[in-house]
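Structure data follow from final31.txt (compact mmCIF, C-alpha atoms):
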# COMPACT_ATOMS: atom_id res chain seq x y z
CA MET B 1 -44.68 80.64 -241.00
CA SER B 2 -45.31 77.93 -243.61
CA PHE B 3 -45.37 74.23 -242.85
CA HIS B 4 -44.62 71.13 -244.88
CA PRO B 5 -48.01 70.00 -246.18
CA SER B 6 -46.56 66.62 -247.20
CA PHE B 7 -45.96 65.65 -243.56
CA ARG B 8 -49.44 66.80 -242.54
CA THR B 9 -50.91 64.84 -245.45
CA ARG B 10 -49.04 61.71 -244.41
CA ALA B 11 -50.11 62.19 -240.79
CA LEU B 12 -53.73 62.50 -241.91
CA LEU B 13 -53.31 59.27 -243.89
CA TYR B 14 -51.95 57.43 -240.84
CA ALA B 15 -54.80 58.78 -238.74
CA ALA B 16 -57.47 57.89 -241.30
CA LEU B 17 -56.20 54.31 -241.68
CA THR B 18 -56.01 53.93 -237.92
CA ALA B 19 -59.48 55.37 -237.33
CA ASN B 20 -60.95 52.95 -239.90
CA ALA B 21 -59.20 50.03 -238.20
CA VAL B 22 -60.43 51.07 -234.75
CA ARG B 23 -63.96 51.76 -235.94
CA PRO B 24 -64.46 50.49 -239.52
CA LEU B 25 -67.02 52.05 -241.81
CA PRO B 26 -70.29 50.05 -241.75
CA GLY B 27 -72.39 49.09 -244.74
CA PHE B 28 -72.41 46.57 -247.57
CA ARG B 29 -70.94 48.80 -250.28
CA VAL B 30 -68.14 50.33 -248.20
CA GLY B 31 -67.34 47.03 -246.53
CA VAL B 32 -64.74 45.97 -249.11
CA PRO B 33 -62.56 49.12 -249.08
CA SER B 34 -63.01 49.38 -245.32
CA PHE B 35 -61.80 45.80 -245.00
CA PHE B 36 -58.67 46.21 -247.13
CA ALA B 37 -57.62 49.39 -245.33
CA GLY B 38 -58.48 48.06 -241.88
CA TRP B 39 -57.00 44.58 -242.41
CA VAL B 40 -53.54 45.81 -243.39
CA THR B 41 -53.52 48.47 -240.66
CA ASN B 42 -54.76 46.10 -237.96
CA GLU B 43 -52.44 43.18 -238.56
CA MET B 44 -49.44 45.39 -239.33
CA ALA B 45 -50.09 47.92 -236.57
CA PRO B 46 -46.51 47.62 -235.18
CA HIS B 47 -45.11 48.41 -238.63
CA TRP B 48 -47.44 51.39 -239.10
CA LEU B 49 -46.54 52.61 -235.62
CA ALA B 50 -42.83 52.45 -236.49
CA VAL B 51 -43.43 54.32 -239.75
CA THR B 52 -45.54 56.98 -238.03
CA ALA B 53 -42.97 57.48 -235.25
CA ALA B 54 -40.07 57.62 -237.72
CA ASP B 55 -41.87 60.12 -239.93
CA ALA B 56 -42.73 62.34 -236.96
CA GLY B 57 -39.18 62.05 -235.62
CA GLY B 58 -37.76 63.03 -238.98
CA HIS B 59 -40.10 66.00 -239.14
CA LEU B 60 -38.97 67.14 -235.68
CA THR B 61 -35.37 67.33 -236.85
CA GLY B 62 -36.28 69.89 -239.48
CA ARG B 63 -36.32 73.63 -239.02
CA ARG B 64 -40.02 74.00 -239.66
CA ARG B 65 -42.44 72.10 -237.54
CA ASP B 66 -46.11 71.56 -238.09
CA PRO B 67 -47.84 71.28 -234.68
CA VAL B 68 -51.11 70.21 -236.32
CA GLY B 69 -49.39 67.44 -238.25
CA LEU B 70 -47.53 66.33 -235.14
CA ALA B 71 -50.76 66.23 -233.14
CA VAL B 72 -52.47 64.18 -235.83
CA ALA B 73 -49.50 61.81 -236.00
CA GLY B 74 -49.60 61.50 -232.21
CA ALA B 75 -53.28 60.57 -232.32
CA ALA B 76 -52.55 57.97 -235.00
CA ALA B 77 -49.75 56.53 -232.87
CA ALA B 78 -52.06 56.27 -229.88
CA GLY B 79 -54.67 54.49 -232.00
CA LEU B 80 -52.08 52.06 -233.36
CA GLY B 81 -50.95 51.34 -229.80
CA TYR B 82 -54.56 50.55 -228.94
CA LEU B 83 -54.78 48.12 -231.90
CA ILE B 84 -51.62 46.37 -230.72
CA HIS B 85 -53.14 46.10 -227.24
CA LEU B 86 -56.30 44.50 -228.67
CA ALA B 87 -54.27 42.00 -230.68
CA GLN B 88 -52.27 41.04 -227.60
CA ARG B 89 -55.49 40.50 -225.64
CA ASP B 90 -56.59 37.84 -228.13
CA GLN B 91 -54.42 35.33 -226.31
CA GLN B 92 -56.70 35.71 -223.29
CA THR B 93 -59.83 35.87 -225.45
CA ALA B 94 -59.04 32.57 -227.15
CA GLU B 95 -58.00 30.86 -223.94
CA GLN B 96 -61.19 31.98 -222.18
CA ALA B 97 -63.23 30.60 -225.10
CA LEU B 98 -61.48 27.23 -224.87
CA THR B 99 -61.89 27.05 -221.10
CA ALA B 100 -65.56 28.05 -221.22
CA ALA B 101 -66.41 25.34 -223.75
CA LEU B 102 -64.05 22.53 -222.77
CA GLY B 103 -63.67 23.08 -219.05
CA ALA B 104 -60.91 24.56 -216.94
CA THR B 105 -59.01 21.25 -216.94
CA TYR B 106 -58.91 20.77 -220.72
CA GLY B 107 -55.15 21.41 -220.62
CA GLU B 108 -54.70 18.06 -218.87
CA GLN B 109 -55.51 16.43 -222.21
CA LEU B 110 -52.53 18.12 -223.88
CA ASP B 111 -49.11 16.52 -224.20
CA GLU B 112 -47.73 19.52 -222.34
CA LEU B 113 -49.00 22.93 -221.37
CA PRO B 114 -47.52 25.88 -223.28
CA THR B 115 -44.93 27.85 -221.35
CA PRO B 116 -45.13 31.63 -220.94
CA ALA B 117 -42.21 31.90 -223.35
CA GLN B 118 -44.11 29.92 -225.99
CA LEU B 119 -47.16 32.16 -225.58
CA ARG B 120 -45.13 35.35 -225.80
CA THR B 121 -45.19 37.35 -229.03
CA SER B 122 -42.10 36.70 -231.17
CA TRP B 123 -41.37 40.20 -232.41
CA ARG B 124 -38.46 39.05 -234.55
CA SER B 125 -40.73 36.81 -236.63
CA LEU B 126 -43.07 39.75 -237.28
CA VAL B 127 -40.44 42.07 -238.77
CA ASN B 128 -41.03 40.55 -242.22
CA PRO B 129 -44.35 38.71 -241.91
CA PHE B 130 -44.36 37.66 -245.57
CA ARG B 131 -41.09 35.75 -245.29
CA THR B 132 -42.99 32.65 -244.15
CA PHE B 133 -44.50 32.24 -247.63
CA ARG B 134 -41.08 32.13 -249.30
CA HIS B 135 -39.08 30.25 -246.67
CA PRO B 136 -40.88 27.30 -245.04
CA GLN B 137 -39.48 26.06 -241.74
CA VAL B 138 -36.56 23.69 -242.05
CA SER B 139 -38.36 21.29 -239.70
CA ILE B 140 -41.02 20.55 -242.30
CA ARG B 141 -41.23 19.51 -245.93
CA VAL B 142 -43.76 20.56 -248.54
CA GLU B 143 -44.84 18.50 -251.53
CA ARG B 144 -46.73 20.54 -254.10
CA ASP B 145 -49.22 20.14 -256.91
CA ILE B 146 -50.50 16.62 -256.31
CA ALA B 147 -53.66 15.90 -258.32
CA PHE B 148 -56.73 14.75 -256.41
CA GLY B 149 -59.27 15.21 -259.21
CA GLU B 150 -59.74 15.81 -262.92
CA ALA B 151 -59.96 19.62 -262.98
CA GLY B 152 -56.30 20.37 -263.66
CA ARG B 153 -54.65 22.92 -261.35
CA ARG B 154 -57.95 23.58 -259.62
CA ASN B 155 -57.76 20.02 -258.31
CA PHE B 156 -54.17 20.18 -257.06
CA LEU B 157 -53.15 19.94 -253.42
CA ASP B 158 -50.03 20.59 -251.35
CA ILE B 159 -48.93 18.50 -248.37
CA TYR B 160 -47.09 20.00 -245.39
CA ARG B 161 -45.56 17.38 -243.12
CA PRO B 162 -42.72 16.89 -240.65
CA ALA B 163 -39.21 16.61 -242.03
CA GLU B 164 -38.90 13.22 -240.35
CA ASP B 165 -41.16 10.36 -241.36
CA VAL B 166 -44.30 9.86 -239.27
CA GLU B 167 -47.06 7.28 -239.11
CA ASN B 168 -50.75 7.69 -238.31
CA ALA B 169 -50.35 11.42 -237.72
CA PRO B 170 -53.49 13.58 -237.42
CA VAL B 171 -54.51 15.29 -240.66
CA LEU B 172 -55.66 18.88 -241.21
CA LEU B 173 -57.39 19.91 -244.44
CA GLN B 174 -57.01 23.62 -245.28
CA VAL B 175 -59.60 25.23 -247.62
CA HIS B 176 -58.67 28.66 -248.99
CA GLY B 177 -61.04 31.62 -249.22
CA GLY B 178 -61.60 34.15 -251.98
CA ALA B 179 -65.37 34.65 -252.31
CA TRP B 180 -65.68 31.32 -254.20
CA ILE B 181 -64.34 33.09 -257.32
CA LEU B 182 -60.59 33.40 -256.66
CA GLY B 183 -57.78 32.25 -254.40
CA LYS B 184 -55.08 29.60 -254.32
CA LYS B 185 -53.84 26.99 -251.90
CA GLU B 186 -50.48 28.75 -251.51
CA GLU B 187 -52.04 31.95 -250.17
CA GLN B 188 -53.82 31.08 -246.94
CA GLY B 189 -53.45 29.00 -243.81
CA ILE B 190 -49.66 28.92 -244.17
CA PRO B 191 -48.74 29.97 -240.58
CA LEU B 192 -51.10 27.35 -239.12
CA MET B 193 -49.97 24.54 -241.42
CA GLN B 194 -46.28 25.25 -240.88
CA HIS B 195 -46.81 25.37 -237.12
CA LEU B 196 -48.73 22.08 -237.02
CA ALA B 197 -46.45 20.24 -239.46
CA ALA B 198 -43.51 21.14 -237.22
CA LYS B 199 -45.42 19.49 -234.36
CA GLY B 200 -46.14 16.24 -236.19
CA TRP B 201 -49.32 16.89 -238.16
CA VAL B 202 -49.87 16.22 -241.85
CA CYS B 203 -51.60 19.22 -243.44
CA VAL B 204 -53.26 19.28 -246.85
CA ALA B 205 -54.02 22.55 -248.67
CA ILE B 206 -56.28 22.30 -251.70
CA ASN B 207 -57.39 24.27 -254.72
CA TYR B 208 -60.97 23.86 -255.87
CA ARG B 209 -62.95 24.92 -258.92
CA LEU B 210 -64.07 28.53 -258.91
CA SER B 211 -67.21 30.35 -259.95
CA PRO B 212 -68.51 31.68 -262.27
CA ARG B 213 -66.69 29.30 -264.63
CA ASP B 214 -67.73 26.37 -262.43
CA PRO B 215 -70.88 27.39 -260.53
CA TRP B 216 -72.01 25.98 -257.23
CA PRO B 217 -71.88 23.21 -256.05
CA ALA B 218 -68.54 22.49 -257.80
CA GLN B 219 -66.74 23.98 -254.79
CA ALA B 220 -68.47 21.69 -252.29
CA VAL B 221 -67.91 18.68 -254.56
CA ASP B 222 -64.18 19.36 -254.75
CA VAL B 223 -63.73 19.65 -250.99
CA LYS B 224 -65.45 16.30 -250.54
CA LYS B 225 -63.38 14.86 -253.37
CA ALA B 226 -60.26 15.97 -251.50
CA ILE B 227 -61.45 14.17 -248.36
CA HIS B 228 -62.04 11.05 -250.45
CA TRP B 229 -58.45 11.35 -251.77
CA ILE B 230 -57.11 11.79 -248.23
CA ARG B 231 -58.89 8.65 -247.07
CA GLN B 232 -57.27 6.69 -249.91
CA HIS B 233 -53.75 8.15 -250.04
CA ILE B 234 -52.71 10.09 -246.94
CA ALA B 235 -51.25 7.04 -245.18
CA SER B 236 -48.47 7.12 -247.79
CA TYR B 237 -47.52 10.55 -246.45
CA GLY B 238 -47.68 9.53 -242.79
CA GLY B 239 -51.24 10.64 -242.05
CA ASP B 240 -54.09 8.83 -240.32
CA PRO B 241 -56.92 8.46 -242.90
CA ASP B 242 -59.44 8.00 -240.10
CA TYR B 243 -58.77 11.35 -238.45
CA ILE B 244 -59.36 14.50 -240.51
CA ALA B 245 -59.83 18.01 -239.16
CA ILE B 246 -60.89 20.76 -241.56
CA THR B 247 -60.27 24.51 -241.49
CA GLY B 248 -60.51 27.56 -243.72
CA GLY B 249 -61.39 31.23 -243.77
CA SER B 250 -64.13 33.30 -245.43
CA ALA B 251 -65.41 31.24 -248.39
CA GLY B 252 -63.12 28.54 -247.03
CA GLY B 253 -64.81 28.97 -243.65
CA HIS B 254 -68.18 28.46 -245.33
CA LEU B 255 -66.94 25.33 -247.12
CA THR B 256 -65.34 24.09 -243.89
CA ALA B 257 -68.57 24.38 -241.91
CA LEU B 258 -70.76 23.04 -244.72
CA THR B 259 -68.50 20.05 -245.35
CA ALA B 260 -68.42 19.19 -241.66
CA LEU B 261 -72.23 19.34 -241.46
CA THR B 262 -73.00 17.39 -244.65
CA PRO B 263 -71.00 14.16 -244.56
CA ASN B 264 -71.69 11.53 -247.19
CA THR B 265 -74.07 13.70 -249.23
CA PRO B 266 -74.60 11.73 -252.49
CA GLU B 267 -75.58 14.71 -254.67
CA TRP B 268 -72.28 16.40 -253.83
CA GLN B 269 -70.26 13.21 -254.34
CA PRO B 270 -70.73 12.33 -258.03
CA GLY B 271 -68.79 9.22 -258.88
CA PHE B 272 -67.82 8.60 -255.25
CA GLU B 273 -71.25 8.47 -253.65
CA ASP B 274 -70.30 5.73 -251.20
CA ALA B 275 -67.13 7.44 -249.94
CA ASP B 276 -66.83 8.50 -246.31
CA THR B 277 -66.50 12.29 -246.40
CA SER B 278 -67.00 12.91 -242.68
CA VAL B 279 -64.53 14.88 -240.59
CA GLN B 280 -63.76 14.77 -236.89
CA LEU B 281 -63.85 18.52 -236.26
CA ALA B 282 -64.08 21.89 -238.00
CA VAL B 283 -62.33 25.22 -237.37
CA PRO B 284 -63.97 27.85 -239.60
CA HIS B 285 -62.56 31.37 -239.56
CA TYR B 286 -64.79 34.37 -240.38
CA GLY B 287 -67.06 32.13 -242.45
CA VAL B 288 -70.31 32.79 -244.28
CA TYR B 289 -72.97 30.64 -242.65
CA ASP B 290 -76.15 31.96 -244.27
CA PHE B 291 -76.54 31.78 -248.06
CA ALA B 292 -80.33 31.86 -247.89
CA GLY B 293 -80.81 35.02 -245.81
CA SER B 294 -82.51 32.92 -243.14
CA THR B 295 -81.00 35.01 -240.33
CA GLY B 296 -82.91 38.02 -241.61
CA THR B 297 -79.94 40.36 -241.56
CA LYS B 298 -79.47 42.96 -244.28
CA ALA B 299 -75.90 41.82 -244.85
CA ALA B 300 -76.97 38.23 -245.53
CA THR B 301 -79.79 39.12 -247.93
CA LYS B 302 -77.63 41.63 -249.81
CA LEU B 303 -74.83 39.09 -250.14
CA ARG B 304 -77.37 36.59 -251.45
CA ASP B 305 -79.06 38.90 -253.95
CA LEU B 306 -76.20 41.15 -255.06
CA PHE B 307 -73.31 38.70 -255.17
CA LEU B 308 -74.06 35.02 -254.63
CA SER B 309 -76.92 34.86 -257.13
CA GLN B 310 -74.90 36.33 -259.98
CA TRP B 311 -71.37 35.13 -259.32
CA VAL B 312 -71.58 31.87 -257.39
CA MET B 313 -74.94 30.14 -257.65
CA LYS B 314 -75.93 31.30 -261.18
CA THR B 315 -79.55 31.35 -260.08
CA THR B 316 -81.69 33.52 -257.84
CA TRP B 317 -83.35 32.96 -254.50
CA GLN B 318 -86.74 33.50 -256.11
CA GLU B 319 -86.07 30.85 -258.77
CA ASP B 320 -84.49 28.17 -256.59
CA PRO B 321 -84.50 28.82 -252.84
CA GLU B 322 -83.56 25.23 -252.02
CA VAL B 323 -80.15 25.68 -253.65
CA PHE B 324 -79.38 28.54 -251.27
CA GLU B 325 -80.82 26.71 -248.26
CA ASP B 326 -78.82 23.56 -248.98
CA ALA B 327 -75.64 25.67 -249.17
CA SER B 328 -76.28 27.39 -245.80
CA PRO B 329 -74.38 25.77 -242.92
CA ILE B 330 -76.73 27.35 -240.40
CA LEU B 331 -79.59 25.36 -241.93
CA ARG B 332 -77.68 22.06 -242.05
CA ILE B 333 -76.97 21.69 -238.33
CA THR B 334 -78.02 18.36 -236.78
CA THR B 335 -77.37 16.51 -233.56
CA GLU B 336 -74.60 14.65 -235.42
CA ALA B 337 -72.53 17.77 -236.03
CA PRO B 338 -68.83 17.25 -235.20
CA ASP B 339 -66.83 19.39 -232.80
CA PHE B 340 -66.47 23.05 -233.83
CA PHE B 341 -64.10 25.89 -233.02
CA VAL B 342 -65.61 29.01 -234.62
CA ILE B 343 -63.47 32.15 -234.85
CA HIS B 344 -64.65 35.58 -236.02
CA GLY B 345 -63.54 39.18 -235.78
CA ALA B 346 -65.87 41.61 -234.04
CA HIS B 347 -65.04 44.30 -236.65
CA ASP B 348 -65.43 42.14 -239.75
CA THR B 349 -66.93 44.36 -242.48
CA LEU B 350 -67.14 41.67 -245.18
CA VAL B 351 -69.01 39.10 -243.10
CA PRO B 352 -70.53 40.82 -240.07
CA VAL B 353 -70.05 38.95 -236.81
CA ASP B 354 -73.78 38.47 -236.26
CA GLN B 355 -73.71 35.50 -238.67
CA ALA B 356 -71.14 33.74 -236.52
CA ARG B 357 -73.07 34.50 -233.34
CA GLN B 358 -76.29 33.03 -234.73
CA PHE B 359 -74.48 30.03 -236.18
CA VAL B 360 -72.81 29.26 -232.87
CA ALA B 361 -76.06 29.73 -230.95
CA ARG B 362 -77.80 27.20 -233.19
CA LEU B 363 -74.89 24.78 -232.97
CA ARG B 364 -74.99 24.93 -229.20
CA GLU B 365 -78.74 24.34 -229.18
CA THR B 366 -78.49 21.24 -231.37
CA SER B 367 -75.05 19.64 -231.43
CA LYS B 368 -73.97 16.99 -228.97
CA GLN B 369 -70.30 17.89 -229.39
CA SER B 370 -68.11 20.74 -228.20
CA VAL B 371 -68.67 24.22 -229.64
CA VAL B 372 -65.92 26.75 -228.94
CA TYR B 373 -66.46 30.34 -230.05
CA ALA B 374 -63.79 33.02 -229.99
CA GLU B 375 -64.95 36.50 -230.99
CA LEU B 376 -61.91 38.72 -231.39
CA PRO B 377 -62.37 42.39 -230.41
CA GLY B 378 -61.08 44.74 -233.07
CA ALA B 379 -60.29 41.99 -235.61
CA GLN B 380 -61.14 42.39 -239.28
CA HIS B 381 -61.68 39.76 -241.93
CA ALA B 382 -58.65 37.62 -242.97
CA PHE B 383 -56.70 38.37 -239.79
CA ASP B 384 -54.77 35.08 -240.04
CA VAL B 385 -53.45 35.23 -243.62
CA PHE B 386 -49.91 36.25 -242.64
CA PRO B 387 -48.03 36.17 -239.33
CA SER B 388 -49.09 38.92 -236.93
CA ILE B 389 -49.56 39.36 -233.20
CA ARG B 390 -53.17 38.25 -233.49
CA SER B 391 -52.65 35.38 -235.92
CA ALA B 392 -49.83 33.94 -233.78
CA HIS B 393 -52.11 33.86 -230.73
CA ILE B 394 -54.90 32.23 -232.73
CA VAL B 395 -52.59 29.66 -234.32
CA ARG B 396 -51.46 28.61 -230.83
CA ALA B 397 -55.07 28.47 -229.60
CA ILE B 398 -56.05 26.26 -232.54
CA ASP B 399 -53.01 24.11 -231.78
CA ARG B 400 -54.26 23.59 -228.21
CA TYR B 401 -57.79 22.78 -229.40
CA LEU B 402 -56.61 20.34 -232.06
CA HIS B 403 -54.26 18.53 -229.71
CA TRP B 404 -56.96 18.38 -227.02
CA HIS B 405 -59.25 16.76 -229.57
CA TRP B 406 -56.62 14.46 -231.08
CA ASN B 407 -55.47 13.17 -227.69
CA SER B 408 -59.07 12.64 -226.57
CA TYR B 409 -59.80 10.79 -229.83
CA ARG B 410 -56.78 8.51 -229.41
CA ARG B 411 -57.67 7.67 -225.82
CA GLU B 412 -61.25 6.85 -226.73
CA HIS B 413 -60.17 4.58 -229.57
CA GLN B 414 -57.51 2.87 -227.48
CA ASP B 415 -60.08 2.17 -224.77
CA ALA B 416 -62.44 0.71 -227.38
CA ILE B 417 -59.83 -1.76 -228.63

Let me see the structure of the file written as structure tokens.
Amino acid sequence: MSFHPSFRTRALLYAALTANAVRPLPGFRVGVPSFFAGWVTNEMAPHWLAVTAADAGGHLTGRRRDPVGLAVAGAAAAGLGYLIHLAQRDQQTAEQALTAALGATYGEQLDELPTPAQLRTSWRSLVNPFRTFRHPQVSIRVERDIAFGEAGRRNFLDIYRPAEDVENAPVLLQVHGGAWILGKKEEQGIPLMQHLAAKGWVCVAINYRLSPRDPWPAQAVDVKKAIHWIRQHIASYGGDPDYIAITGGSAGGHLTALTALTPNTPEWQPGFEDADTSVQLAVPHYGVYDFAGSTGTKAATKLRDLFLSQWVMKTTWQEDPEVFEDASPILRITTEAPDFFVIHGAHDTLVPVDQARQFVARLRETSKQSVVYAELPGAQHAFDVFPSIRSAHIVRAIDRYLHWHWNSYRREHQDAI
């Protein structure tokens, strides 16, 4: 009896993608392909499960059946079910992180506690996860391509705000990732910004100059320049210029943490040296915290020597170690660090989770403010780029953290008046 090799081949593909998502391939050189395969499989596990089940069901209706292919497809389906289970558990993981750092009663600081229905996964919204990029919520408005600097499109920003006019609303600055060499403001942080704008926040997404055309520290300068612009202009859009939270993932996570830890740094504020570039809190996702290799991990030193030196810094560690040290958030932590909510995937192959663990440990040793750390089992890099089970849970957890902080901030300032 002959079988259909095409079905067996497809089943092997489903199984291979699932196996890589469950246990990604380690190592610096395989990290990139392992990430791309694992990221799409992880965050779209329900879609892959539907495809696998439909393919196997279609095969069963035929006259010839391949028991090996069916067994492989069954194993893939089981693995995809496990990935969905891990993503669902991230609601508890994030909530436990918030409770551990802020106290079991932190919810009393919120306007209202989320209901079970609000915490439940909205399967309908996940059917086409990319729709959110093309069709913003009707409850918000988006104003695009506002210049905040002199670098053309690389110094443009978008503003997401409520459809109705607001005053003195909290402000969130979103910094995109892309390894400091690519990326655009329209590509990342969209689910979070749409969610917060619908709840009364004013969110600002920025472009910044990219390496190698504009080497470091152009990226850090532009983020601070954006904060300077926000201080001067955001009131016209309903935002509170005195309250700025900052977030971003990957390279954006690095810039988020570094910006929060280096307020009012004159050498990174050319032409606006006296501007206040401080922020009230930072929420870095899967960030790079060690440019200098100070943590001693192979991943950090390889990133420094094989990528950052050539593509971002345009100098080497041996020639100018201070440049790398100054750009390392883990080496810029002081007692004046603002509040942090650090989020990282346990299966991140681009930026191994050990960097986040060491960064958080040092923050907790030094900072006087809150440090929340959510390590997400099974999560890859870039898990929040588009709507998924996991990203929805994390968006809602960030919402709770931001509103806890914003309400605490308002009460403190009202008491001081």

Interatomic distance, CA of Asn168 (chain B) to CA of His285 (chain B) (Å, one decimal) = 26.5 Å

Which distance in Å separates CA of Val202 (chain B) and CA of Phe386 (chain B), to one decimal?
->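 Taking CA of Val202 (chain B) and CA of Phe386 (chain B), their separation equals 20.0 Å.
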
From B:Ala300, B:Ala77, B:Ala198, B:Val221, residue lying nearest Gly271 (chain B) [all atoms listed in the file] |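 Residue with the minimum atom-to-atom distance to Gly271 (chain B): B:Val221.
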
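CA of Ala101 (chain B) is found 12.9 Å from CA of Ser367 (chain B).
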
Per-residue nearest contacts of region 188-248 of chain B to region 394-406 of chain B (9 Å; only C-alpha atoms) as JSON lines:
{"residue": "B:Pro191", "atom": "CA", "partner": "B:Val395", "partner_atom": "CA", "distance": 7.4}
{"residue": "B:Leu192", "atom": "CA", "partner": "B:Val395", "partner_atom": "CA", "distance": 5.5}
{"residue": "B:His195", "atom": "CA", "partner": "B:Val395", "partner_atom": "CA", "distance": 7.7}
{"residue": "B:Leu196", "atom": "CA", "partner": "B:Asp399", "partner_atom": "CA", "distance": 7.1}
{"residue": "B:Tyr243", "atom": "CA", "partner": "B:Trp406", "partner_atom": "CA", "distance": 8.3}
{"residue": "B:Ala245", "atom": "CA", "partner": "B:Leu402", "partner_atom": "CA", "distance": 8.1}

Which is closest to Ala337 (chain B) among B:Leu261, B:Phe291, B:Leu110, B:Glu322, if we use all atoms listed in the file?
-> B:Leu261

Just the residues within 10 Å of Pro352 (chain B), please, counting only C-alpha atoms, with nothing from its chain fewer than 4 positions along; format it as a list of chain:residue names.
->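 So, after excluding close chain neighbours, the residues are B:Pro26, B:Gly27, B:Phe28, B:Gly31, B:Tyr286, B:Gly287, B:Val288, B:Thr297, B:Ala299, B:Ala300, B:His344, B:Gly345, B:Ala346, B:His347, B:Asp348, B:Ala356, B:Arg357, B:Gln380, B:His381.
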
Non-local contacts of Gln232 (chain B) (12 Å; all atoms listed in the file; under 6 positions in same chain excluded) as a list in words =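 After dropping sequence-adjacent residues, the list is Phe148, Lys225, Ala226, Gly239, Asp240, Pro241, Asp242, Phe272, Ala275, Asp276 and Thr277 of chain B.
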
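Using all atoms listed in the file, the shortest contact distance between Ile333 (chain B) and any of B:Gln310, B:Ser211, B:Thr259, B:Gln269 is found at B:Thr259.
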
Do a neighbour search on Thr99 (chain B) at 12 Å with all atoms listed in the file, toss out local chain neighbours closer than 3 positions, and write the hits as a list in words.
->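 Non-adjacent residues within range: Gln92, Thr93, Ala94, Glu95, Gln96, Leu102, Gly103, Ala104, Thr105, Tyr106, Gly107, Glu108, Ser370, Val371, Val372, Tyr373, Ala374, Ala397, Arg400, Tyr401 and Trp404 of chain B.
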
Rank B:Phe7, B:Thr41, B:Glu112, B:Ala218 by their smallest atom-to-atom distance to Gly58 (chain B), using all atoms listed in the file, and report the top residue only.
->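 Among B:Phe7, B:Thr41, B:Glu112, B:Ala218, it is B:Phe7 that comes nearest to Gly58 (chain B).
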
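Nearest to Asp165 (chain B) of all the residues B:Cys203, B:Ile181, B:Asn407, B:Gly238 is B:Gly238, based on only C-alpha atoms.
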
Shell around Leu157 (chain B) at 10 Å using all atoms listed in the file, local window under 6 positions removed, as a PDB file with C-alpha atoms, in the frame of the given file:
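Result written to around.pdb:
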ATOM      1  CA  GLU B 143     -44.840  18.500-251.530  1.00  0.00           C
ATOM      2  CA  ARG B 144     -46.730  20.540-254.100  1.00  0.00           C
ATOM      3  CA  ASP B 145     -49.220  20.140-256.910  1.00  0.00           C
ATOM      4  CA  ILE B 146     -50.500  16.620-256.310  1.00  0.00           C
ATOM      5  CA  ALA B 147     -53.660  15.900-258.320  1.00  0.00           C
ATOM      6  CA  PHE B 148     -56.730  14.750-256.410  1.00  0.00           C
ATOM      7  CA  GLY B 149     -59.270  15.210-259.210  1.00  0.00           C
ATOM      8  CA  LEU B 173     -57.390  19.910-244.440  1.00  0.00           C
ATOM      9  CA  GLN B 174     -57.010  23.620-245.280  1.00  0.00           C
ATOM     10  CA  LYS B 184     -55.080  29.600-254.320  1.00  0.00           C
ATOM     11  CA  LYS B 185     -53.840  26.990-251.900  1.00  0.00           C
ATOM     12  CA  GLU B 186     -50.480  28.750-251.510  1.00  0.00           C
ATOM     13  CA  VAL B 204     -53.260  19.280-246.850  1.00  0.00           C
ATOM     14  CA  ALA B 205     -54.020  22.550-248.670  1.00  0.00           C
ATOM     15  CA  ILE B 206     -56.280  22.300-251.700  1.00  0.00           C
ATOM     16  CA  ASN B 207     -57.390  24.270-254.720  1.00  0.00           C
ATOM     17  CA  TYR B 208     -60.970  23.860-255.870  1.00  0.00           C
ATOM     18  CA  ALA B 226     -60.260  15.970-251.500  1.00  0.00           C
TER      19      ALA B 226
END

Hey, what's within 12 Å of region 68-73 of chain B if we count all atoms listed in the file and toss same-chain stuff fewer than 3 positions away? As a PyMOL selection string, please?
-> chain B and resi 3-19+48-60+64-65+76-80

Fix up region 141-146 of chain B with N, CA, C and O atoms, then write it as a short mmCIF file (atom, residue, chain, number, x, y, z; two decimals), in the coordinates of the input.
data_model
loop_
_atom_site.label_atom_id
_atom_site.label_comp_id
_atom_site.auth_asym_id
_atom_site.auth_seq_id
_atom_site.Cartn_x
_atom_site.Cartn_y
_atom_site.Cartn_z
N ARG B 141 -41.41 19.61 -244.48
CA ARG B 141 -41.23 19.51 -245.93
C ARG B 141 -42.58 19.71 -246.60
O ARG B 141 -43.63 19.37 -246.03
N VAL B 142 -42.55 20.24 -247.80
CA VAL B 142 -43.76 20.56 -248.54
C VAL B 142 -43.70 19.89 -249.90
O VAL B 142 -42.71 20.03 -250.63
N GLU B 143 -44.73 19.15 -250.22
CA GLU B 143 -44.84 18.50 -251.53
C GLU B 143 -46.02 19.14 -252.26
O GLU B 143 -47.14 19.14 -251.75
N ARG B 144 -45.75 19.67 -253.44
CA ARG B 144 -46.73 20.54 -254.10
C ARG B 144 -47.34 19.90 -255.35
O ARG B 144 -46.75 19.03 -255.98
N ASP B 145 -48.54 20.40 -255.64
CA ASP B 145 -49.22 20.14 -256.91
C ASP B 145 -49.46 18.66 -257.17
O ASP B 145 -49.13 18.11 -258.22
N ILE B 146 -50.07 18.01 -256.18
CA ILE B 146 -50.50 16.62 -256.31
C ILE B 146 -51.96 16.63 -256.74
O ILE B 146 -52.79 17.29 -256.13
#
